[in-house]
Amino acid sequence: MKIKPMKLNHSKQWYEDRIALEGDAEIGAGTPPGVRAKTPAKSKVTPVDTRIAFGTFVALWRRNRGWDVAALAEAAALDPQGILEIERDPHYEPEPDVVRKLAGVFGLSPKPLLELAGLIKPGTPQLREAAVRFAARSESVAALNDREREAFEAFVSAISKKV
Amino acid sequence: MTESRIYLQRAKTNKLVEASLLDEVTDRHLAMWEGSWCPAMEAYCEGRTAGNQPEDHHWDWKWKADEWRPLLGYHSFAIVCEKDLQGLMLVSDFKSARLRVQFGKPVVYVEFVATAPWNRPELRKPPRFRGVGTVMVAAAVELSWELGYRGRIGLHSLEAAERFYRDHCGMTKLGKDRGHQGLPYYEMTEKQAERFRQ
Amino acid sequence: MIENNKRTMTLNLTPREMAVLEQLASAKDLSKTGVMRLALRLLQAVDSKTRLGQKLMFEDEKSKEKSELVLL
């Protein structure tokens, strides 16, 4: 299958004829009202969705530092098994104290991380949406690639702004 | 990104005006959407009940952009004329045809398409430009052709736009789709695409 | 946007996989390369949703019964 950059090459007459047919007709197509809201406040992001982002964030933060799970556990004075559960199982609900300790190591306010972990009531829906987009762009491979680093840094910035 | 020279019609004079079709919606286009379409739409919707508002007035193209950009199977298009954004479209290329004559064959599916608020006769009389729908259908058909799908496209038409897709584009209606909020689903066959391109 | 700078890859398939690829190419009126590219797009789109915790479901049109397609 030959692929080349897509270009339209219709004659001016073609446009004259076709647009005359279109006239003042309405042309909209796609998802109807009520299915997608203009603001993320009406989204259906669940606690599991944001915990996926939370776990991914913890893993990427750790890998960005070149740390294994044991090193992060030692820095945060936490059980390594608990960190593994956070990174791998979105259904696992960590203790608030665990999240606070991780926030301390990351140098971030605990509030947005507690929200992502599903431990406190969601504040702004924008953070949850940012978390879901971040998780979608991140892969769980050994080293951060440029794309992951970019996504990671943007997410840290988003979390920091929500303080 | 590829730019094609296209034409829209200025409604006031019925004369063709040169415009550009871009095969990628960029941040610049999204900024234009936010800076010009949104205020115009808000102004129109103010004071109107939900039933009297355009069906797509709530669409958030910026939010949608974050979803589709990482994915190979999505393609976006923008029309710019006289330095203003005139139309936006998002399509996907991995859905299958439902029409019996082409059942199971891949189609370019129009996820969303919209013309600028000032181009809509229901919002402004006369509208500024005509032809955004024609250009966008042509773009979807051309992409379908380039992908080897021979011009096959599909879409769920907003109810007010059925006349355009059925009568002006010559597409086949498959009926209201209960899996898609009851919107009517249309497809264009290879033969219909060939006729449309002529 | 269609990109122009492509790279070539050699794909080793079993006879059974090749038979499936040829059957799909015929059914979908695509080249074998076209089928592989379509599969890649579809898998990426599905994967992006399942990684957010969503499931890929099939629905029986008549009974409305849903069943899950379990992926990888």
# chains A, B, ... in the order shown; residues from 1 in each chain; ligands from 1

$ interface_residues --of "chain C" --to "chain B" --cutoff "6 Å" --atoms "only C-alpha atoms" --output "list in words"
Met1, Lys28, Leu38, Arg41 and Leu42 of chain C

$ write_last_selection --atoms "N, CA and C atoms" --output "tab-separated table (two decimals), in the first residue's frame"
chain	number	residue	atom	x	y	z
C	1	MET	N	-2.72	12.76	9.89
C	1	MET	CA	-1.57	13.12	9.05
C	1	MET	C	-0.87	11.84	8.58
C	28	LYS	N	-10.92	-7.84	3.94
C	28	LYS	CA	-10.96	-6.40	4.15
C	28	LYS	C	-10.47	-5.62	2.93
C	38	LEU	N	-3.34	-1.72	10.16
C	38	LEU	CA	-4.65	-1.57	10.79
C	38	LEU	C	-4.65	-2.22	12.17
C	41	ARG	N	-2.84	-0.04	14.75
C	41	ARG	CA	-3.64	1.10	15.19
C	41	ARG	C	-4.73	0.67	16.17
C	42	LEU	N	-5.38	-0.43	15.81
C	42	LEU	CA	-6.47	-0.92	16.64
C	42	LEU	C	-5.94	-1.33	18.01

$ closest_atom_pairs --of "chain C" --to "chain A" --cutoff "10 Å" --atoms "only C-alpha atoms" --output "tab-separated table"
residue	atom	partner	partner_atom	distance
C:Met1	CA	A:Met6	CA	7.4
C:Ile2	CA	A:Pro5	CA	5.3
C:Glu3	CA	A:Pro5	CA	6.3
C:Asn4	CA	A:Lys4	CA	5.6
C:Asn5	CA	A:Lys4	CA	9.2
C:Lys6	CA	A:Ile3	CA	9.1
C:Leu30	CA	A:Met1	CA	8.1
C:Ser31	CA	A:Met1	CA	6.3
C:Lys32	CA	A:Met1	CA	8.7
C:Thr33	CA	A:Met1	CA	6.8
C:Gly34	CA	A:Met1	CA	6.4
C:Asp47	CA	A:Ala136	CA	9.0
C:Ser48	CA	A:Ala136	CA	5.9
C:Lys49	CA	A:Ala136	CA	7.9
C:Thr50	CA	A:Ala136	CA	9.3
C:Arg51	CA	A:Ala136	CA	6.6
C:Leu52	CA	A:Asp49	CA	5.5
C:Gly53	CA	A:Asp49	CA	6.0
C:Gln54	CA	A:Asp49	CA	8.7

$ closest_atom_pairs --of "chain B" --to "chain A" --cutoff "6 Å" --atoms "only C-alpha atoms" --output "tab-separated table"
residue	atom	partner	partner_atom	distance
B:Ser4	CA	A:Lys7	CA	5.4
B:Glu55	CA	A:Pro33	CA	5.8
B:His58	CA	A:Lys38	CA	4.7
B:Trp59	CA	A:Lys38	CA	5.3
B:Asp60	CA	A:Lys38	CA	4.8
B:Glu111	CA	A:Gly30	CA	5.2
B:Phe112	CA	A:Gly30	CA	4.2
B:Val113	CA	A:Ala29	CA	5.4
B:Ala114	CA	A:Gly28	CA	5.2
B:Gly131	CA	A:Ile19	CA	5.0
B:Gly133	CA	A:Ile27	CA	5.5
B:His156	CA	A:Gly30	CA	5.6
B:Ser157	CA	A:Ala29	CA	4.3
B:Leu158	CA	A:Ala29	CA	5.0
B:Ala161	CA	A:Glu26	CA	4.7
B:Phe164	CA	A:Ala25	CA	5.9
B:His168	CA	A:Leu21	CA	5.8

$ write_last_selection --atoms "all heavy atoms" --output "compact mmCIF listing (two decimals), in the first residue's frame"
# COMPACT_ATOMS: atom_id res chain seq x y z
N SER B 4 -3.22 21.77 1.85
CA SER B 4 -3.84 21.72 0.51
C SER B 4 -4.56 23.03 0.27
O SER B 4 -5.23 23.55 1.17
CB SER B 4 -4.86 20.59 0.44
OG SER B 4 -4.27 19.34 0.64
N GLU B 55 -25.99 21.55 18.84
CA GLU B 55 -25.75 20.24 19.45
C GLU B 55 -24.32 20.04 19.90
O GLU B 55 -24.04 19.22 20.75
CB GLU B 55 -26.15 19.14 18.46
CG GLU B 55 -27.66 19.02 18.28
CD GLU B 55 -28.03 17.99 17.22
OE1 GLU B 55 -28.19 16.82 17.60
OE2 GLU B 55 -28.15 18.36 16.04
N HIS B 58 -20.99 22.18 23.48
CA HIS B 58 -20.24 21.79 24.67
C HIS B 58 -18.92 21.09 24.34
O HIS B 58 -18.17 20.76 25.23
CB HIS B 58 -21.09 20.82 25.50
CG HIS B 58 -21.32 19.53 24.79
ND1 HIS B 58 -22.14 19.45 23.68
CD2 HIS B 58 -20.80 18.30 24.95
CE1 HIS B 58 -22.12 18.21 23.23
NE2 HIS B 58 -21.32 17.49 23.97
N TRP B 59 -18.66 20.83 23.06
CA TRP B 59 -17.45 20.09 22.72
C TRP B 59 -16.20 20.86 23.13
O TRP B 59 -16.10 22.06 22.92
CB TRP B 59 -17.38 19.82 21.23
CG TRP B 59 -18.36 18.82 20.74
CD1 TRP B 59 -19.26 18.11 21.48
CD2 TRP B 59 -18.56 18.43 19.40
NE1 TRP B 59 -20.00 17.31 20.67
CE2 TRP B 59 -19.60 17.46 19.40
CE3 TRP B 59 -17.97 18.78 18.19
CZ2 TRP B 59 -20.05 16.85 18.23
CZ3 TRP B 59 -18.42 18.17 17.04
CH2 TRP B 59 -19.44 17.23 17.06
N ASP B 60 -15.27 20.09 23.70
CA ASP B 60 -14.00 20.68 24.14
C ASP B 60 -12.90 20.08 23.26
O ASP B 60 -12.41 18.99 23.55
CB ASP B 60 -13.77 20.37 25.62
CG ASP B 60 -12.55 21.08 26.16
OD1 ASP B 60 -11.68 21.48 25.37
OD2 ASP B 60 -12.47 21.24 27.40
N GLU B 111 -15.11 10.98 13.58
CA GLU B 111 -15.41 11.03 15.01
C GLU B 111 -16.15 12.33 15.35
O GLU B 111 -17.13 12.32 16.08
CB GLU B 111 -14.12 10.95 15.82
CG GLU B 111 -13.31 9.67 15.59
CD GLU B 111 -13.82 8.49 16.40
OE1 GLU B 111 -14.62 8.71 17.35
OE2 GLU B 111 -13.45 7.35 16.09
N PHE B 112 -15.64 13.45 14.86
CA PHE B 112 -16.28 14.75 15.09
C PHE B 112 -15.97 15.66 13.92
O PHE B 112 -14.86 15.63 13.40
CB PHE B 112 -15.74 15.43 16.35
CG PHE B 112 -15.65 14.57 17.57
CD1 PHE B 112 -14.43 14.06 17.97
CD2 PHE B 112 -16.77 14.26 18.30
CE1 PHE B 112 -14.32 13.23 19.08
CE2 PHE B 112 -16.68 13.44 19.42
CZ PHE B 112 -15.45 12.92 19.80
N VAL B 113 -16.91 16.45 13.52
CA VAL B 113 -16.63 17.50 12.53
C VAL B 113 -17.53 18.70 12.86
O VAL B 113 -18.67 18.53 13.28
CB VAL B 113 -16.88 17.02 11.08
CG1 VAL B 113 -18.34 16.70 10.82
CG2 VAL B 113 -16.41 18.07 10.08
N ALA B 114 -16.97 19.89 12.74
CA ALA B 114 -17.76 21.08 13.04
C ALA B 114 -17.25 22.25 12.21
O ALA B 114 -16.05 22.33 11.89
CB ALA B 114 -17.67 21.43 14.53
N GLY B 131 -19.21 25.65 2.58
CA GLY B 131 -18.31 24.67 1.96
C GLY B 131 -17.44 23.88 2.92
O GLY B 131 -16.75 22.96 2.48
N GLY B 133 -18.27 21.69 5.14
CA GLY B 133 -18.71 20.29 5.14
C GLY B 133 -18.21 19.56 3.92
O GLY B 133 -17.70 18.43 4.02
N HIS B 156 -21.67 9.27 12.30
CA HIS B 156 -22.96 9.46 12.94
C HIS B 156 -23.32 10.93 12.75
O HIS B 156 -22.66 11.81 13.31
CB HIS B 156 -22.90 9.12 14.43
CG HIS B 156 -22.86 7.64 14.69
ND1 HIS B 156 -21.69 6.92 14.74
CD2 HIS B 156 -23.86 6.74 14.88
CE1 HIS B 156 -21.96 5.65 14.96
NE2 HIS B 156 -23.26 5.50 15.06
N SER B 157 -24.35 11.16 11.99
CA SER B 157 -24.74 12.54 11.68
C SER B 157 -25.55 13.13 12.83
O SER B 157 -26.39 12.45 13.43
CB SER B 157 -25.60 12.54 10.41
OG SER B 157 -26.20 13.80 10.21
N LEU B 158 -25.29 14.39 13.15
CA LEU B 158 -26.23 15.10 14.02
C LEU B 158 -27.52 15.23 13.24
O LEU B 158 -27.51 15.35 12.01
CB LEU B 158 -25.67 16.46 14.44
CG LEU B 158 -24.37 16.43 15.25
CD1 LEU B 158 -24.00 17.83 15.75
CD2 LEU B 158 -24.48 15.48 16.43
N ALA B 161 -28.07 17.63 10.42
CA ALA B 161 -27.14 17.56 9.28
C ALA B 161 -27.44 16.39 8.35
O ALA B 161 -26.73 16.17 7.37
CB ALA B 161 -25.70 17.44 9.79
N PHE B 164 -27.59 17.01 4.56
CA PHE B 164 -26.30 17.21 3.91
C PHE B 164 -25.67 15.87 3.55
O PHE B 164 -25.26 15.65 2.41
CB PHE B 164 -25.36 18.02 4.81
CG PHE B 164 -23.95 18.12 4.31
CD1 PHE B 164 -23.65 18.82 3.15
CD2 PHE B 164 -22.91 17.48 4.98
CE1 PHE B 164 -22.35 18.88 2.66
CE2 PHE B 164 -21.61 17.55 4.51
CZ PHE B 164 -21.33 18.25 3.35
N HIS B 168 -26.69 15.59 -0.24
CA HIS B 168 -25.62 16.31 -0.91
C HIS B 168 -24.37 15.46 -1.07
O HIS B 168 -23.65 15.60 -2.04
CB HIS B 168 -25.29 17.60 -0.16
CG HIS B 168 -26.48 18.47 0.03
ND1 HIS B 168 -27.39 18.71 -0.97
CD2 HIS B 168 -26.93 19.14 1.11
CE1 HIS B 168 -28.34 19.50 -0.53
NE2 HIS B 168 -28.10 19.77 0.73

$ atom_distance --atom1 "atom CA of B:Trp33" --atom2 "atom CA of B:Pro184"
26.9 Å

$ select_by_dssp --residues "stretch 15-60 of chain C" --states "helix (DSSP H, G or I)" --output "JSON, numbers by chain"
{"C": [15, 16, 17, 18, 19, 20, 21, 22, 23, 24, 25, 26, 27, 28, 32, 33, 34, 35, 36, 37, 38, 39, 40, 41, 42, 43, 44, 45, 46, 47, 48, 49, 50]}

$ write_last_selection --atoms "N, CA, C and O atoms" --output "compact mmCIF listing (two decimals), in the first residue's frame"
# COMPACT_ATOMS: atom_id res chain seq x y z
N PRO C 15 2.95 -20.57 9.22
CA PRO C 15 2.01 -20.78 8.10
C PRO C 15 0.57 -20.45 8.49
O PRO C 15 -0.19 -19.87 7.72
N ARG C 16 0.23 -20.79 9.73
CA ARG C 16 -1.13 -20.51 10.20
C ARG C 16 -1.39 -19.01 10.28
O ARG C 16 -2.45 -18.53 9.88
N GLU C 17 -0.40 -18.30 10.83
CA GLU C 17 -0.54 -16.83 10.96
C GLU C 17 -0.64 -16.20 9.58
O GLU C 17 -1.45 -15.30 9.34
N MET C 18 0.19 -16.70 8.65
CA MET C 18 0.16 -16.14 7.30
C MET C 18 -1.19 -16.40 6.65
O MET C 18 -1.73 -15.54 5.94
N ALA C 19 -1.74 -17.57 6.90
CA ALA C 19 -3.05 -17.91 6.33
C ALA C 19 -4.11 -16.93 6.86
O ALA C 19 -4.97 -16.46 6.11
N VAL C 20 -4.05 -16.65 8.14
CA VAL C 20 -5.00 -15.70 8.74
C VAL C 20 -4.80 -14.32 8.15
O VAL C 20 -5.76 -13.62 7.81
N LEU C 21 -3.56 -13.92 7.99
CA LEU C 21 -3.25 -12.60 7.43
C LEU C 21 -3.80 -12.48 6.02
O LEU C 21 -4.42 -11.48 5.65
N GLU C 22 -3.62 -13.54 5.23
CA GLU C 22 -4.10 -13.50 3.84
C GLU C 22 -5.63 -13.48 3.81
O GLU C 22 -6.24 -12.79 2.99
N GLN C 23 -6.23 -14.24 4.71
CA GLN C 23 -7.70 -14.28 4.75
C GLN C 23 -8.26 -12.90 5.14
O GLN C 23 -9.22 -12.41 4.55
N LEU C 24 -7.62 -12.27 6.12
CA LEU C 24 -8.07 -10.92 6.54
C LEU C 24 -7.85 -9.91 5.43
O LEU C 24 -8.68 -9.04 5.19
N ALA C 25 -6.73 -10.03 4.74
CA ALA C 25 -6.43 -9.09 3.66
C ALA C 25 -7.50 -9.20 2.57
O ALA C 25 -7.98 -8.20 2.04
N SER C 26 -7.89 -10.43 2.29
CA SER C 26 -8.92 -10.64 1.27
C SER C 26 -10.27 -10.11 1.74
O SER C 26 -10.96 -9.38 1.02
N ALA C 27 -10.62 -10.41 2.98
CA ALA C 27 -11.93 -10.00 3.52
C ALA C 27 -12.03 -8.48 3.61
O ALA C 27 -13.10 -7.90 3.41
N LYS C 28 -10.92 -7.84 3.94
CA LYS C 28 -10.96 -6.40 4.15
C LYS C 28 -10.47 -5.62 2.93
O LYS C 28 -10.39 -4.39 2.99
N LYS C 32 -1.53 -7.08 2.66
CA LYS C 32 -1.12 -7.68 3.95
C LYS C 32 -0.49 -6.61 4.83
O LYS C 32 -0.71 -6.56 6.05
N THR C 33 0.27 -5.71 4.23
CA THR C 33 0.84 -4.60 5.00
C THR C 33 -0.27 -3.74 5.57
O THR C 33 -0.21 -3.30 6.73
N GLY C 34 -1.29 -3.51 4.78
CA GLY C 34 -2.42 -2.71 5.24
C GLY C 34 -3.09 -3.33 6.44
O GLY C 34 -3.49 -2.64 7.39
N VAL C 35 -3.24 -4.64 6.43
CA VAL C 35 -3.85 -5.34 7.56
C VAL C 35 -2.98 -5.18 8.80
O VAL C 35 -3.49 -4.91 9.90
N MET C 36 -1.68 -5.34 8.65
CA MET C 36 -0.79 -5.22 9.82
C MET C 36 -0.83 -3.81 10.39
O MET C 36 -0.84 -3.61 11.60
N ARG C 37 -0.88 -2.82 9.53
CA ARG C 37 -0.93 -1.43 10.01
C ARG C 37 -2.25 -1.17 10.72
O ARG C 37 -2.32 -0.49 11.75
N LEU C 38 -3.34 -1.72 10.16
CA LEU C 38 -4.65 -1.57 10.79
C LEU C 38 -4.65 -2.22 12.17
O LEU C 38 -5.15 -1.65 13.15
N ALA C 39 -4.06 -3.41 12.26
CA ALA C 39 -4.00 -4.12 13.54
C ALA C 39 -3.22 -3.32 14.56
O ALA C 39 -3.59 -3.26 15.74
N LEU C 40 -2.15 -2.68 14.12
CA LEU C 40 -1.32 -1.89 15.04
C LEU C 40 -2.12 -0.72 15.60
O LEU C 40 -2.09 -0.45 16.81
N ARG C 41 -2.84 -0.04 14.75
CA ARG C 41 -3.64 1.10 15.19
C ARG C 41 -4.73 0.67 16.17
O ARG C 41 -4.99 1.30 17.18
N LEU C 42 -5.38 -0.43 15.81
CA LEU C 42 -6.47 -0.92 16.64
C LEU C 42 -5.94 -1.33 18.01
O LEU C 42 -6.51 -0.98 19.05
N LEU C 43 -4.83 -2.04 18.03
CA LEU C 43 -4.28 -2.50 19.30
C LEU C 43 -3.85 -1.32 20.16
O LEU C 43 -4.09 -1.30 21.38
N GLN C 44 -3.24 -0.32 19.54
CA GLN C 44 -2.82 0.85 20.32
C GLN C 44 -4.03 1.57 20.93
O GLN C 44 -4.01 1.98 22.09
N ALA C 45 -5.08 1.72 20.13
CA ALA C 45 -6.28 2.41 20.62
C ALA C 45 -6.93 1.63 21.76
O ALA C 45 -7.32 2.20 22.78
N VAL C 46 -7.03 0.32 21.60
CA VAL C 46 -7.63 -0.52 22.64
C VAL C 46 -6.76 -0.51 23.89
O VAL C 46 -7.24 -0.37 25.00
N ASP C 47 -5.46 -0.61 23.68
CA ASP C 47 -4.53 -0.64 24.81
C ASP C 47 -4.60 0.64 25.62
O ASP C 47 -4.53 0.61 26.86
N SER C 48 -4.77 1.76 24.93
CA SER C 48 -4.81 3.03 25.66
C SER C 48 -6.01 3.09 26.58
O SER C 48 -5.97 3.72 27.63
N LYS C 49 -7.10 2.43 26.21
CA LYS C 49 -8.29 2.42 27.06
C LYS C 49 -8.15 1.39 28.19
O LYS C 49 -8.51 1.65 29.34
N THR C 50 -7.63 0.22 27.87
CA THR C 50 -7.54 -0.82 28.89
C THR C 50 -6.53 -0.44 29.97
O THR C 50 -6.69 -0.80 31.13

$ select_by_dssp --residues "stretch 70-116 of chain B" --states "strand (DSSP E or B)" --output "ChimeraX atom specification"
/B:74-81,84-96,106-115

$ atom_distance --atom1 "atom CA of A:Arg65" --atom2 "atom CA of A:Gly118"
25.3 Å

$ residues_around --residues "B:Ala193" --least-positions-apart "2" --cutoff "8 Å" --atoms "only C-alpha atoms" --output "ChimeraX atom specification"
/B:141,150-152,188-191,195-197

$ closest_residue --among "B:Ala31, B:Met171, B:Val132, B:Leu99" --to "B:Leu8" --atoms "only C-alpha atoms"
B:Val132

$ atom_distance --atom1 "atom CA of B:Arg128" --atom2 "atom CA of B:Lys15"
11.5 Å

$ residues_around --residues "C:Glu68" --least-positions-apart "4" --cutoff "7 Å" --atoms "only C-alpha atoms" --output "JSON, numbers by chain"
{"C": [55, 56, 57, 58]}

$ write_last_selection --atoms "all heavy atoms" --output "compact mmCIF listing (two decimals), in the first residue's frame"
# COMPACT_ATOMS: atom_id res chain seq x y z
N LYS C 55 -12.62 -1.84 29.93
CA LYS C 55 -12.61 -3.17 29.35
C LYS C 55 -13.14 -3.12 27.93
O LYS C 55 -14.02 -2.33 27.61
CB LYS C 55 -13.51 -4.10 30.17
CG LYS C 55 -12.96 -4.44 31.53
CD LYS C 55 -13.96 -5.32 32.29
CE LYS C 55 -13.46 -5.59 33.70
NZ LYS C 55 -14.46 -6.30 34.49
N LEU C 56 -12.65 -4.02 27.08
CA LEU C 56 -13.19 -4.14 25.73
C LEU C 56 -14.31 -5.17 25.78
O LEU C 56 -14.08 -6.32 26.17
CB LEU C 56 -12.08 -4.59 24.78
CG LEU C 56 -12.48 -4.71 23.31
CD1 LEU C 56 -12.92 -3.36 22.77
CD2 LEU C 56 -11.34 -5.24 22.46
N MET C 57 -15.53 -4.74 25.40
CA MET C 57 -16.68 -5.62 25.52
C MET C 57 -17.31 -5.84 24.16
O MET C 57 -17.28 -4.96 23.29
CB MET C 57 -17.75 -4.98 26.44
CG MET C 57 -17.24 -4.51 27.78
SD MET C 57 -16.83 -5.83 28.91
CE MET C 57 -18.45 -6.41 29.39
N PHE C 58 -17.92 -7.00 24.00
CA PHE C 58 -18.77 -7.26 22.85
C PHE C 58 -20.20 -7.31 23.36
O PHE C 58 -20.45 -7.80 24.46
CB PHE C 58 -18.41 -8.58 22.18
CG PHE C 58 -17.18 -8.49 21.35
CD1 PHE C 58 -15.98 -9.02 21.79
CD2 PHE C 58 -17.20 -7.85 20.13
CE1 PHE C 58 -14.83 -8.94 21.02
CE2 PHE C 58 -16.06 -7.75 19.35
CZ PHE C 58 -14.87 -8.30 19.80
